[in-house]
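J.: Structure file run-v2.cif (mmCIF, C-alpha atoms and all ligand atoms) is given on the next line.
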```cif
data_input
#
loop_
_atom_site.label_atom_id
_atom_site.label_comp_id
_atom_site.auth_asym_id
_atom_site.auth_seq_id
_atom_site.Cartn_x
_atom_site.Cartn_y
_atom_site.Cartn_z
CA MET R 1 -6.88 8.47 -9.90
CA LYS R 2 -9.62 9.26 -7.47
CA PRO R 3 -8.61 8.59 -3.89
CA HIS R 4 -11.19 5.90 -3.40
CA ASP R 5 -10.96 4.12 -6.73
CA GLY R 6 -9.48 1.03 -5.15
CA PRO R 7 -9.65 -2.19 -7.12
CA VAL R 8 -11.77 -1.72 -10.23
CA SER R 9 -15.37 -2.63 -9.31
CA ASP R 10 -14.72 -6.01 -7.80
CA LEU R 11 -17.36 -8.56 -8.72
CA TRP R 12 -16.56 -10.50 -5.58
CA HIS R 13 -16.97 -7.56 -3.26
CA PHE R 14 -19.66 -8.15 -0.64
CA ALA R 15 -21.10 -4.68 -0.15
CA ARG R 16 -22.13 -3.40 3.25
CA PRO R 17 -24.13 -0.28 2.40
CA GLU R 18 -26.03 -0.13 5.72
CA LEU R 19 -22.81 -0.07 7.66
CA ALA R 20 -21.46 2.76 5.53
CA GLU R 21 -24.73 4.69 5.76
CA GLY R 22 -24.70 4.27 9.53
CA TYR R 23 -21.35 5.98 9.88
CA LEU R 24 -22.33 8.76 7.51
CA ASN R 25 -25.71 9.30 9.18
CA ALA R 26 -23.99 9.82 12.49
CA PHE R 27 -21.81 12.48 10.86
CA ASP R 28 -24.75 14.16 9.16
CA LEU R 29 -26.74 14.22 12.38
CA LYS R 30 -23.71 15.84 13.99
CA LEU R 31 -23.66 13.04 16.54
CA SER R 32 -19.95 12.78 16.02
CA SER R 33 -17.22 14.18 13.86
CA ALA R 34 -14.69 11.42 14.33
CA ARG R 35 -14.92 7.66 14.65
CA GLY R 36 -12.33 4.99 15.13
CA PHE R 37 -12.75 1.35 14.34
CA PHE R 38 -10.51 -1.64 14.59
CA ALA R 39 -10.36 -5.24 13.37
CA PRO R 40 -7.46 -7.64 12.93
CA ARG R 41 -5.55 -7.74 9.68
CA ARG R 42 -7.18 -9.30 6.59
CA MET R 43 -10.67 -8.84 7.99
CA GLY R 44 -11.84 -6.30 5.44
CA LYS R 45 -11.19 -2.83 6.85
CA THR R 46 -9.50 -1.37 3.82
CA GLU R 47 -11.95 -2.97 1.43
CA PHE R 48 -14.89 -1.57 3.40
CA LEU R 49 -13.36 1.90 3.39
CA LEU R 50 -12.47 1.95 -0.28
CA GLN R 51 -15.44 0.15 -1.74
CA ASP R 52 -18.31 0.99 0.59
CA LEU R 53 -17.66 3.99 2.75
CA LEU R 54 -15.80 6.38 0.46
CA PRO R 55 -18.10 5.96 -2.55
CA ALA R 56 -21.15 6.40 -0.28
CA ALA R 57 -19.63 9.55 1.21
CA GLN R 58 -18.93 10.89 -2.23
CA LYS R 59 -22.51 10.28 -3.25
CA ARG R 60 -23.54 12.45 -0.34
CA GLY R 61 -21.35 15.23 -1.66
CA TYR R 62 -18.36 14.82 0.62
CA ILE R 63 -14.89 15.41 -0.66
CA VAL R 64 -12.97 12.35 0.43
CA ALA R 65 -9.33 11.74 1.23
CA TYR R 66 -7.85 8.36 2.04
CA THR R 67 -4.45 7.39 3.29
CA ASN R 68 -3.01 4.13 4.56
CA LEU R 69 -0.32 4.93 7.07
CA TRP R 70 0.97 1.38 7.24
CA ASP R 71 2.31 1.80 3.72
CA ASN R 72 3.84 5.09 4.78
CA ARG R 73 5.11 4.29 8.26
CA ALA R 74 8.23 6.37 7.91
CA SER R 75 6.47 9.56 6.91
CA PRO R 76 2.82 9.67 7.90
CA GLU R 77 2.80 13.43 7.62
CA ALA R 78 3.84 13.38 3.98
CA ALA R 79 1.29 10.65 3.25
CA LEU R 80 -1.55 12.48 4.92
CA VAL R 81 -0.74 15.79 3.31
CA ALA R 82 -0.49 14.09 -0.09
CA ALA R 83 -3.89 12.49 0.44
CA LEU R 84 -5.43 15.85 1.29
CA PHE R 85 -3.91 17.49 -1.76
CA ASP R 86 -4.93 14.61 -3.94
CA ALA R 87 -8.53 14.87 -2.78
CA LEU R 88 -8.61 18.60 -3.24
CA GLY R 89 -6.66 18.53 -6.50
CA LEU R 90 -9.23 16.16 -7.89
CA ARG R 91 -11.75 18.94 -8.10
CA SER R 92 -9.45 21.16 -10.07
CA ALA R 93 -8.46 18.23 -12.26
CA GLN R 94 -12.11 17.59 -12.96
CA ALA R 95 -12.68 21.23 -13.67
CA LEU R 96 -9.73 21.22 -16.04
CA SER R 97 -10.76 18.09 -17.86
CA ALA R 98 -14.16 19.67 -18.38
CA ARG R 99 -12.31 22.20 -20.52
CA PRO R 100 -10.94 20.38 -23.54
CA ASP R 101 -8.44 23.13 -24.32
CA ARG R 102 -6.50 22.38 -21.14
CA PRO R 103 -5.07 19.02 -20.15
CA ALA R 104 -5.97 17.67 -16.75
CA GLN R 105 -3.08 17.66 -14.32
CA ARG R 106 -3.25 14.57 -12.25
CA GLY R 107 -0.06 14.15 -10.31
CA ASN R 108 -0.89 10.75 -8.91
CA ALA R 109 -2.54 9.13 -11.88
CA ASP R 110 0.03 6.36 -11.95
CA ALA R 111 -0.16 5.42 -8.30
CA LYS R 112 -1.38 1.85 -7.96
CA THR R 113 -3.32 2.15 -4.75
CA PRO R 114 -4.26 5.27 -2.90
CA GLY R 115 -2.47 4.04 0.18
CA THR R 116 0.93 3.97 -1.42
CA LEU R 117 0.83 7.56 -2.56
CA GLU R 118 4.04 9.32 -1.85
CA ALA R 119 3.98 13.02 -1.25
CA LYS R 120 4.61 13.75 -4.88
CA VAL R 121 2.55 16.87 -4.82
CA ALA R 122 4.79 19.84 -4.68
CA THR R 123 3.96 23.44 -4.06
CA CYS R 124 4.93 26.11 -6.57
CA ASP R 125 8.40 26.51 -5.11
CA GLY R 126 9.03 22.77 -5.46
CA LYS R 127 9.07 22.05 -1.72
CA GLU R 128 6.96 19.34 -0.15
CA PRO R 129 3.72 20.86 1.07
CA THR R 130 3.02 20.99 4.78
CA LEU R 131 -0.07 20.21 6.78
CA GLN R 132 -0.73 23.93 7.16
CA GLU R 133 -0.76 24.38 3.40
CA ALA R 134 -3.09 21.44 2.91
CA ILE R 135 -5.44 22.82 5.56
CA ARG R 136 -5.37 26.23 3.94
CA LYS R 137 -6.41 24.68 0.64
CA LEU R 138 -9.09 22.75 2.42
CA ASP R 139 -10.47 25.94 3.90
CA GLU R 140 -10.83 27.38 0.43
CA GLN R 141 -13.70 25.07 -0.40
CA ARG R 142 -17.07 24.73 1.26
CA LYS R 143 -18.02 21.09 0.93
CA THR R 144 -17.93 18.67 3.84
CA PHE R 145 -14.70 16.76 3.90
CA LEU R 146 -14.12 13.16 4.96
CA LEU R 147 -10.60 12.20 5.92
CA VAL R 148 -9.99 8.48 6.30
CA ILE R 149 -6.80 7.40 8.01
CA ASP R 150 -6.28 3.66 7.61
CA GLU R 151 -3.89 1.94 10.05
CA ALA R 152 -3.77 5.10 12.12
CA GLN R 153 -1.98 3.44 15.02
CA VAL R 154 1.24 4.48 13.27
CA LEU R 155 0.52 7.95 14.64
CA ALA R 156 0.82 6.65 18.19
CA ARG R 157 4.60 6.63 17.91
CA THR R 158 6.28 9.40 19.84
CA ALA R 159 8.34 10.36 16.79
CA HIS R 160 5.16 11.76 15.25
CA SER R 161 3.95 13.55 18.33
CA ASP R 162 4.40 17.13 17.05
CA PHE R 163 2.59 16.36 13.84
CA VAL R 164 -0.24 14.62 15.64
CA HIS R 165 -0.72 17.58 17.96
CA ALA R 166 -0.86 19.92 14.98
CA LEU R 167 -3.32 17.64 13.21
CA ARG R 168 -5.61 17.42 16.19
CA ALA R 169 -5.56 21.21 16.60
CA ALA R 170 -6.33 21.73 12.92
CA LEU R 171 -9.18 19.22 12.90
CA ASP R 172 -10.62 20.35 16.20
CA ILE R 173 -11.63 23.77 15.01
CA ARG R 174 -13.06 22.37 11.78
CA LYS R 175 -15.25 19.68 13.34
CA ALA R 176 -18.39 20.94 11.67
CA ARG R 177 -16.98 20.53 8.20
CA VAL R 178 -14.21 17.93 8.44
CA LYS R 179 -15.12 14.41 9.52
CA VAL R 180 -12.47 11.83 10.30
CA ILE R 181 -12.40 8.06 10.39
CA PHE R 182 -9.48 6.21 11.90
CA THR R 183 -8.92 2.50 11.59
CA GLY R 184 -6.35 0.21 13.03
CA SER R 185 -5.46 -3.46 13.19
CA SER R 186 -4.74 -3.21 16.82
CA GLY R 187 -7.46 -2.01 19.14
CA THR R 188 -4.97 -1.48 21.89
CA ALA R 189 -2.68 0.71 19.85
CA LEU R 190 -5.67 2.80 18.83
CA ARG R 191 -6.89 2.93 22.38
CA ALA R 192 -3.49 4.19 23.43
CA MET R 193 -4.07 7.14 21.13
CA PHE R 194 -7.62 7.89 22.16
CA ALA R 195 -7.91 6.80 25.76
CA ARG R 196 -4.75 8.15 27.31
CA PRO R 197 -5.15 11.65 28.77
CA SER R 198 -1.61 12.55 27.76
CA GLU R 199 -2.25 11.79 24.09
CA PRO R 200 -3.43 14.44 21.65
CA PHE R 201 -6.44 12.44 20.47
CA TYR R 202 -7.68 11.75 23.99
CA HIS R 203 -11.47 11.39 23.93
CA TRP R 204 -11.60 12.65 20.42
CA ALA R 205 -13.16 9.71 18.64
CA ALA R 206 -15.39 6.86 19.75
CA LEU R 207 -13.61 3.56 19.26
CA GLU R 208 -15.45 0.42 18.29
CA PRO R 209 -14.76 -2.86 16.53
CA LEU R 210 -15.68 -2.99 12.84
CA PRO R 211 -18.45 -5.60 12.59
CA PRO R 212 -16.83 -8.71 11.10
CA LEU R 213 -17.87 -10.31 7.84
CA GLY R 214 -19.78 -13.48 8.56
CA GLY R 215 -22.40 -15.83 7.15
CA GLY R 216 -23.83 -13.23 4.76
CA PHE R 217 -20.46 -12.74 3.13
CA VAL R 218 -19.85 -16.49 2.90
CA ASP R 219 -23.26 -17.23 1.36
CA PHE R 220 -22.90 -14.39 -1.12
CA THR R 221 -19.48 -15.63 -2.22
CA VAL R 222 -20.55 -19.27 -2.50
CA LYS R 223 -23.64 -18.32 -4.51
CA LEU R 224 -21.65 -16.18 -6.89
CA MET R 225 -19.08 -18.91 -7.32
CA ASN R 226 -21.77 -21.53 -7.92
CA SER R 227 -23.16 -19.38 -10.73
CA MET R 228 -19.86 -19.88 -12.52
CA ALA R 229 -18.82 -23.32 -11.32
CA ARG R 230 -19.58 -26.65 -12.90
CA LYS R 231 -19.66 -28.39 -9.56
CA PRO R 232 -21.55 -26.34 -6.97
CA MET R 233 -20.55 -26.18 -3.33
CA THR R 234 -23.13 -26.19 -0.54
CA ALA R 235 -23.62 -23.23 1.78
CA LYS R 236 -22.68 -25.53 4.64
CA GLN R 237 -19.38 -26.48 3.05
CA GLY R 238 -18.64 -22.80 2.54
CA ARG R 239 -19.41 -21.89 6.13
CA ARG R 240 -17.31 -24.72 7.49
CA ALA R 241 -14.34 -23.60 5.44
CA PHE R 242 -14.78 -20.04 6.68
CA THR R 243 -14.73 -21.20 10.29
CA GLU R 244 -11.66 -23.35 9.72
CA LEU R 245 -9.91 -20.39 8.18
CA ASN R 246 -10.40 -18.43 11.41
CA ASP R 247 -13.31 -16.44 9.94
CA THR R 248 -10.82 -14.57 7.78
CA PRO R 249 -12.30 -13.12 4.56
CA GLU R 250 -8.96 -12.97 2.78
CA PHE R 251 -8.27 -16.65 3.38
CA PHE R 252 -11.81 -17.57 2.40
CA ARG R 253 -11.38 -15.81 -0.94
CA ARG R 254 -8.23 -17.84 -1.53
CA PHE R 255 -10.13 -21.02 -0.72
CA ILE R 256 -12.84 -20.12 -3.25
CA GLU R 257 -10.24 -19.41 -5.88
CA ARG R 258 -8.54 -22.73 -5.26
CA TYR R 259 -11.85 -24.57 -5.45
CA MET R 260 -12.77 -22.86 -8.73
CA LEU R 261 -9.52 -24.00 -10.31
CA HIS R 262 -9.76 -27.59 -9.07
CA GLN R 263 -13.44 -28.32 -8.71
CA VAL R 264 -13.16 -32.02 -9.31
CA LEU R 265 -11.03 -32.38 -6.19
CA GLY R 266 -13.88 -31.05 -4.05
CA PRO R 267 -14.11 -28.49 -1.22
CA ASP R 268 -12.24 -30.58 1.35
CA SER R 269 -9.19 -30.69 -0.82
CA ALA R 270 -9.40 -26.96 -1.51
CA LEU R 271 -9.67 -26.29 2.22
CA ARG R 272 -6.68 -28.48 3.03
CA TYR R 273 -4.66 -26.74 0.37
CA THR R 274 -5.67 -23.26 1.57
CA LYS R 275 -4.95 -24.00 5.19
CA ALA R 276 -1.59 -25.44 4.34
CA SER R 277 -0.69 -22.39 2.33
CA VAL R 278 -2.02 -19.62 4.57
CA PHE R 279 -0.84 -21.21 7.76
CA SER R 280 2.21 -22.49 5.97
CA ASP R 281 5.22 -23.63 7.82
CA GLU R 282 7.49 -21.97 5.35
CA HIS R 283 5.78 -18.62 5.70
CA LEU R 284 5.78 -18.74 9.48
CA HIS R 285 9.31 -20.02 9.58
CA GLU R 286 10.43 -17.10 7.47
CA ALA R 287 8.70 -14.58 9.75
CA TRP R 288 10.36 -16.25 12.71
CA SER R 289 13.86 -16.33 11.32
CA ASP R 290 13.67 -12.65 10.38
CA MET R 291 13.31 -11.76 14.04
CA ASN R 292 16.06 -11.02 16.47
CA PRO R 293 16.66 -13.51 19.30
CA ALA R 294 15.24 -11.27 22.05
CA ASP R 295 11.99 -10.86 20.09
CA GLN R 296 11.83 -14.64 19.59
CA ALA R 297 12.34 -15.26 23.29
CA VAL R 298 9.65 -12.79 24.31
CA LEU R 299 7.25 -14.16 21.68
CA THR R 300 7.78 -17.66 23.01
CA LEU R 301 6.74 -16.55 26.48
CA ILE R 302 3.65 -14.79 25.12
CA ALA R 303 2.69 -17.82 23.04
CA ARG R 304 2.87 -19.97 26.16
CA GLY R 305 0.67 -17.59 28.06
CA ASP R 306 3.26 -16.23 30.47
CA SER R 307 1.49 -13.31 32.03
CA ASP R 308 4.29 -11.40 33.68
CA LEU R 309 6.98 -10.82 31.08
CA HIS R 310 9.04 -8.69 33.44
CA SER R 311 9.14 -11.16 36.34
CA ALA R 312 12.42 -12.64 37.53
CA ASN R 313 11.24 -15.99 36.25
CA ALA R 314 10.51 -14.64 32.75
CA LEU R 315 13.79 -12.72 32.62
CA GLY R 316 15.60 -15.88 33.69
CA ARG R 317 14.10 -17.83 30.83
CA ILE R 318 14.83 -15.12 28.30
CA SER R 319 18.42 -14.92 29.54
CA ALA R 320 18.75 -18.67 29.21
CA SER R 321 17.61 -18.68 25.61
CA LEU R 322 19.78 -15.67 24.72
CA GLU R 323 22.73 -17.07 26.64
CA LYS R 324 23.29 -13.63 28.15
CA THR R 325 21.62 -11.53 30.83
CA ALA R 326 18.29 -10.06 29.80
CA THR R 327 16.94 -7.01 31.62
CA LYS R 328 13.54 -5.39 31.78
CA SER R 329 14.63 -3.07 29.03
CA THR R 330 15.47 -6.05 26.79
CA VAL R 331 11.84 -7.06 27.16
CA ALA R 332 10.52 -3.52 26.71
CA HIS R 333 12.49 -3.07 23.48
CA ALA R 334 11.37 -6.41 22.11
CA LEU R 335 7.74 -5.61 22.91
CA ARG R 336 8.01 -2.26 21.21
CA ARG R 337 9.41 -3.84 18.05
CA LEU R 338 6.84 -6.63 18.06
CA GLN R 339 3.99 -4.16 18.42
CA ALA R 340 5.36 -1.84 15.77
CA GLY R 341 5.54 -4.81 13.42
CA ASN R 342 1.93 -5.75 14.17
CA VAL R 343 3.10 -9.13 15.47
CA VAL R 344 1.87 -8.56 18.97
CA THR R 345 -1.03 -6.57 20.43
CA ARG R 346 -1.36 -5.30 23.95
CA VAL R 347 -4.64 -6.58 25.35
CA SER R 348 -4.48 -4.76 28.64
CA PHE R 349 -1.79 -3.42 30.91
CA GLY R 350 1.08 -5.89 30.80
CA GLU R 351 -0.93 -8.45 28.85
CA TYR R 352 -0.01 -9.26 25.27
CA ARG R 353 -1.43 -11.38 22.49
CA ILE R 354 0.08 -12.65 19.24
CA GLU R 355 -1.90 -11.15 16.35
CA GLU R 356 -2.03 -14.27 14.22
CA GLU R 357 -3.42 -17.27 15.98
CA ALA R 358 -1.71 -19.55 13.47
CA PHE R 359 1.66 -18.03 14.35
CA ALA R 360 1.03 -18.47 18.07
CA ASP R 361 0.19 -22.14 17.44
CA TRP R 362 3.29 -22.61 15.37
CA ILE R 363 5.49 -21.12 18.10
CA ARG R 364 3.90 -23.35 20.76
CA GLN R 365 4.50 -26.43 18.65
CA ARG R 366 8.02 -25.33 17.97
CA THR R 367 8.88 -25.00 21.66
CA ALA R 368 7.14 -28.30 22.40
CA GLY R 369 9.78 -29.82 20.14
CA ILE R 370 7.36 -30.72 17.36
CA ARG R 371 9.15 -28.55 14.83
N1 LIG R 401 -16.47 -6.99 1.70
C1 LIG R 401 -15.68 -7.91 1.17
N2 LIG R 401 -16.15 -8.69 0.16
C2 LIG R 401 -15.34 -9.62 -0.40
N3 LIG R 401 -14.08 -9.87 -0.01
C3 LIG R 401 -13.57 -9.15 1.00
C4 LIG R 401 -14.34 -8.12 1.63
N4 LIG R 401 -13.58 -7.57 2.59
C5 LIG R 401 -12.39 -8.20 2.54
N5 LIG R 401 -12.37 -9.15 1.59
C6 LIG R 401 -11.23 -10.02 1.24
O1 LIG R 401 -10.27 -9.96 2.29
C7 LIG R 401 -9.05 -9.36 1.84
C8 LIG R 401 -8.46 -8.52 2.93
O2 LIG R 401 -9.27 -7.39 3.17
P1 LIG R 401 -8.66 -6.01 3.63
O3 LIG R 401 -9.72 -5.01 3.50
O4 LIG R 401 -7.38 -5.73 2.94
O5 LIG R 401 -8.34 -6.30 5.17
P2 LIG R 401 -7.71 -5.33 6.27
O6 LIG R 401 -7.65 -3.95 5.71
O7 LIG R 401 -8.64 -5.46 7.45
O8 LIG R 401 -6.36 -5.92 6.57
C9 LIG R 401 -9.43 -8.61 0.59
O9 LIG R 401 -8.32 -8.47 -0.28
C10 LIG R 401 -10.52 -9.50 0.01
O10 LIG R 401 -9.96 -10.61 -0.67
MG MG R 402 -5.99 -2.76 5.45
#
```
Please go through the file and, once you have read it, give me the structure as C-alpha cells.
Ligand SMILES: Nc1ncnc2c1ncn2[C@@H]1O[C@H](COP(=O)(O)OP(=O)(O)O)[C@@H](O)[C@H]1O
Ligand SMILES: [Mg+2]
T.:
Amino acid sequence: MKPHDGPVSDLWHFARPELAEGYLNAFDLKLSSARGFFAPRRMGKTEFLLQDLLPAAQKRGYIVAYTNLWDNRASPEAALVAALFDALGLRSAQALSARPDRPAQRGNADAKTPGTLEAKVATCDGKEPTLQEAIRKLDEQRKTFLLVIDEAQVLARTAHSDFVHALRAALDIRKARVKVIFTGSSGTALRAMFARPSEPFYHWAALEPLPPLGGGFVDFTVKLMNSMARKPMTAKQGRRAFTELNDTPEFFRRFIERYMLHQVLGPDSALRYTKASVFSDEHLHEAWSDMNPADQAVLTLIARGDSDLHSANALGRISASLEKTATKSTVAHALRRLQAGNVVTRVSFGEYRIEEEAFADWIRQRTAGIR
C-alpha cells in the first residue's frame, strides 16, 4: 500500500488543489521547509493530506511519508520510523515488481489506513529499526522527501522529549531535501511545541489554521447528490444544514447520506436526524461517564466559563463535588488528562475551551438540572 492511498478515490471528495499547490510552492521556492497547520477534529485535515497534498507532492516527484500519531499515541517513534521505511521501501517494492522474476515485498500491504501502521518493518537482525536507521536509508536516495505528521501534538508530551530532540536535529541538517508538515487538532498544543523556547521545535515551523471547508464544499456535495437523487435539495437547504451542524464536514456528509436514503422525508427531517445522532445524548453521556470525577468537575467549571480554575473558589467547588479536598494538583492532573484526550484545548495561559461545542452545551444543560 502506498502511504497516501487513503480511501480509494472517493467520489465525494471535494478537492482543494490550489491549497495543496500553495504549500508545495512554498517548499519549492525554499520559502520554508516546515509548516504546521491546525483545525478542530472532523474538519478535513487528514482527508486533505491524504487526498490532496500527498498525491500532489508525489506528482512533483517527492517521496512521501505519512503518519498519524493519534493512532499511535503510545509509540510515536515506532510509527514515524515505520512511515519512513514504508515510503522508502515503496521504491524498492516498485523496482522489484518491475521484475517479474522476483515478488514484490510489501510489508504493510494489509494495513487498512496508513495512520495505523505499526512498526512492522524489521531490520535484518529482526530488531525494530530506529530513527537513525531510517534517516540513513533516507540519505541513500536523492529525491526530495515530504514527511507528513498528522496529529503531531502527541510529540509535545515530555515522555517523547528525547526522540523529538533527535528528530529535530536530524531534520534540521536536511532542510534542503526533507520537507515536513505537521498538523494538529489543537492549535494550542501545537503552539506549545513551536512557540516555547524550551521546546525542540521552537520557531521551526510556521503555524497557521487550515482554511476550513465552506460554501464551495457544500455546493459541490449538494450538486453531486442531486445528480443521483430523485428529489433534489436546494443549495440554500444544504448551506443551512451545514451551519446547523457547526460547519463540520463530517457531520454534513452524514446528513447527505441520511437524506439520500430517506428523500421523501425531506431535508429538515434528515437534519433533525443527523443532529440528534451526532450531538446525541447517548454518545455524550457515554463520554461523560467514562471520565473520572475530578475531570468531570473541572470540565463543568470550564463549560460554565470559570476563568480561574486554580482559585480558592474553583477549588472549593471541585472539592464539594468530589466530596473531598481538591488541590491545585488535582486540577493540573485533570487538565493534563483532558488535553491529552483532546477533550479540552488551552486557548491561552490559564484559559481552556471544550473542543466539542455540543459537549460543552450538554454539560451546561446537565448542571442546570435539565438532564
Ligand atoms: N475535502 C473533503 N471533501 C469531502 N468530504 C470531506 C472532506 N474533508 C473532510 N470530509 C469529511 O469529513 C470527515 C472528517 O475528515 P477528516 O479529514 O478525518 O478530519 P480531521 O482529520 O480534521 O479530523 C471525512 O471522513 C469526510 O467525510
Ligand atoms: Mg485526522
J.: Quote the spacing between CA of Thr221 in chain R and CA of Asp247 in chain R in Å to one decimal place.
T.: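 Calculated distance between CA of Thr221 in chain R and CA of Asp247 in chain R is 13.7 Å.
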J.: Grab the CA of Ala314 in chain R to CA of Ser186 in chain R distance for me, in Å with one decimal place.
T.: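 The value is 24.8 Å.
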J.: What is the CA of Glu282 in chain R to CA of His333 in chain R distance in Å?
T.: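 Those two atoms sit 26.7 Å apart.
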J.: Write out as a ChimeraX atom specification each polymer residue (protein, DNA or RNA) that has an atom no more than 8 Å from ligand MG 402 (chain R), with only C-alpha atoms and all ligand atoms counted.
T.: /R:41-42,44-47,68,150-151,185
J.: 9 Å from ligand LIG 401 (chain R) is the threshold here; counting all atoms listed in the file, which polymer residues fall inside it? Answer as number ranges by chain.
T.: R: 10-16, 38-52, 150-151, 183-185, 213, 217-218, 220-221, 248-254
